[in-house]
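Q: Before I ask anything, here is the structure I am working with.
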Amino acid sequence: MVALVLGGIALIIAVMALVLAVTITRRVGARDPFAVPKYLRRLLRIRPAVPGGSGAFSLDHPDQQRVAFVANPSKDGVLQIKERAMRACAIRYLPQPMWFTTTVEDPGTGQARAAVEAGADVVVAVGGDGTVRAVAEALAGTGVAMGILPMGTGNLFARNLDLPLADTSALMRTALEGVDRAVDVGYLDVDRADGEFDHEGRHLFLVMAGAGIDAEMVAGANPTLKRRLGWMAYFFAALEHLGDKRMTATVTIDDGEPVTNEMRTVLLANAGRLPGGLQLIPDASISDGTLDIATLDARAGIVGWTDLFGSVIAQGAGIKQSEVLQAWRASRIDTATGRKVEISMASPERVQVDGEELGRATRITAVLDPGALKVRVPAT
């Protein structure tokens, strides 16, 4: 009889232990999927908890950093990033992160604003340059830091921040544990080709805005080639416009005298590094409080374009040529700096900001807001 009672007690204890183990395993697996073996997740039907997309953060850790992610769902690997984000926050005992997805109507600005209103301390942009720019538009001037998990073709801003593009773990660590760096933000006003002002308001840019062949290149890039070849797709798009007529533009910097000249493109750079290691404007810095203005010109057909490409490579290597030598060349790169730039074009030219084509315009005006945005960079 005693043995039967002891056996019953042991069975009850075993069942309670099993229920407790299953409950704990399910909770751990829901918050941190990678902490539970895959076969156990299937056996116990564990589904990762869905990060909140609205409302407020949990109050489990009120003194810890609150993190929100704004992701472009069209990018490959976003679901894996979602699970890694949950794990990264869980092992740091941070509140469960909020997770927002972008839409065609709202590429990230509204979602980032919602995250700020919910109390986020850092908002991480997961996507390409368009997503990064949209999130930055909401965060500029708020003091809330922006992290970046680049998943685009060019990833221009991430390159200029020296982020480890190929290391997702390091990128996540930077977003959660990095230091905040104040960087400059540019804004572009556009007067449309039909004479009407762009009522969508100012267009934020973090890296570069421009008019001319660079915008034609952005507009003409084939989406299929972008997926297969990455940033090289822009090179093939540029080849189609090498024979285009040079544009005539008047450039006015700050309160200086207007200068009119012919050129292939005019660029307004907050940063100067491009994919492939090219330093288009080596002196440009995202934290120096000034815009770098560059006009590029090429004459004599393919000879001029070859010469211009050689000049870009040379200046990226720190080799600058004298004015005397430039006068005899088939290409020119002229640079200046300022806080406000107005460019009036003799005929409508295509315009772009950070790789987004804005249509054609007859006048654009750029201004710089120094140190307006905080971004997370590696602590070392």
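Numbering starts fresh at 1 for the residues of each chain in the structure tokens, the chains themselves are lettered A, B, ... in the order given, and ligands are numbered from 1 as they appear.
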Write out as a PyMOL selection string the residues lying within 10 Å of segment 256-259 of chain A, counting only C-alpha atoms and excluding same-chain residues fewer than 4 positions away.
A: chain A and resi 249-252+338+341-344
Q: I need the residues from that last selection saved to file as a short mmCIF file (atom, residue, chain, number, x, y, z; two decimals), in the first residue's frame (with N, CA, C and O atoms), if you can.
A:
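The resulting file, again.cif, is shown below:
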```
data_model
loop_
_atom_site.label_atom_id
_atom_site.label_comp_id
_atom_site.auth_asym_id
_atom_site.auth_seq_id
_atom_site.Cartn_x
_atom_site.Cartn_y
_atom_site.Cartn_z
N ALA A 249 23.56 74.81 -66.56
CA ALA A 249 22.99 75.08 -65.23
C ALA A 249 23.71 76.26 -64.59
O ALA A 249 24.90 76.50 -64.84
N THR A 250 22.97 76.98 -63.77
CA THR A 250 23.52 78.09 -62.98
C THR A 250 23.52 77.68 -61.52
O THR A 250 22.48 77.34 -60.96
N VAL A 251 24.70 77.72 -60.92
CA VAL A 251 24.87 77.26 -59.54
C VAL A 251 25.16 78.46 -58.64
O VAL A 251 26.08 79.24 -58.90
N THR A 252 24.36 78.60 -57.59
CA THR A 252 24.56 79.68 -56.62
C THR A 252 24.77 79.05 -55.25
O THR A 252 23.90 78.32 -54.75
N GLY A 338 29.36 74.59 -49.20
CA GLY A 338 28.41 75.60 -48.73
C GLY A 338 27.34 74.97 -47.88
O GLY A 338 27.29 73.75 -47.70
N VAL A 341 22.51 75.65 -51.49
CA VAL A 341 22.86 75.63 -52.92
C VAL A 341 21.59 75.71 -53.74
O VAL A 341 20.64 74.97 -53.49
N GLU A 342 21.60 76.60 -54.72
CA GLU A 342 20.47 76.70 -55.66
C GLU A 342 20.99 76.43 -57.06
O GLU A 342 22.00 77.02 -57.48
N ILE A 343 20.30 75.56 -57.78
CA ILE A 343 20.72 75.20 -59.14
C ILE A 343 19.54 75.42 -60.07
O ILE A 343 18.48 74.81 -59.92
N SER A 344 19.72 76.32 -61.02
CA SER A 344 18.70 76.59 -62.05
C SER A 344 19.19 76.01 -63.35
O SER A 344 20.31 76.28 -63.79
#
```
Q: So that I can check the surroundings of segment 362-371 of chain A, please list as a list in words every protein, DNA and RNA residue that reaches within 6 Å of it, counting only C-alpha atoms and ignoring chain neighbours fewer than 6 positions away.
A: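 Once the nearby chain positions are removed, what remains is Ala182, Val183, Asp184, Val185, Gly186, Tyr187, Leu188, Asp189, Val190, Asp191, Ala193, Gly289, Arg339, Lys340, Val341, Glu342, Ile343, Ser344, Met345 and Pro348 of chain A.
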Q: Using only C-alpha atoms, determine which residues lie at most 9 Å from segment 110-119 of chain A, disregarding the query and same-chain residues fewer than 5 positions distant; provide the list as a PyMOL selection string.
A: chain A and resi 53-57+66-70+98-102+124-125+134-139+142+144
Q: To one decimal place, how far is atom CA of Leu20 of chain A from atom CA of Met86 of chain A in Å?
A: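 Atom-to-atom, atom CA of Leu20 of chain A and atom CA of Met86 of chain A are spaced 23.2 Å apart.
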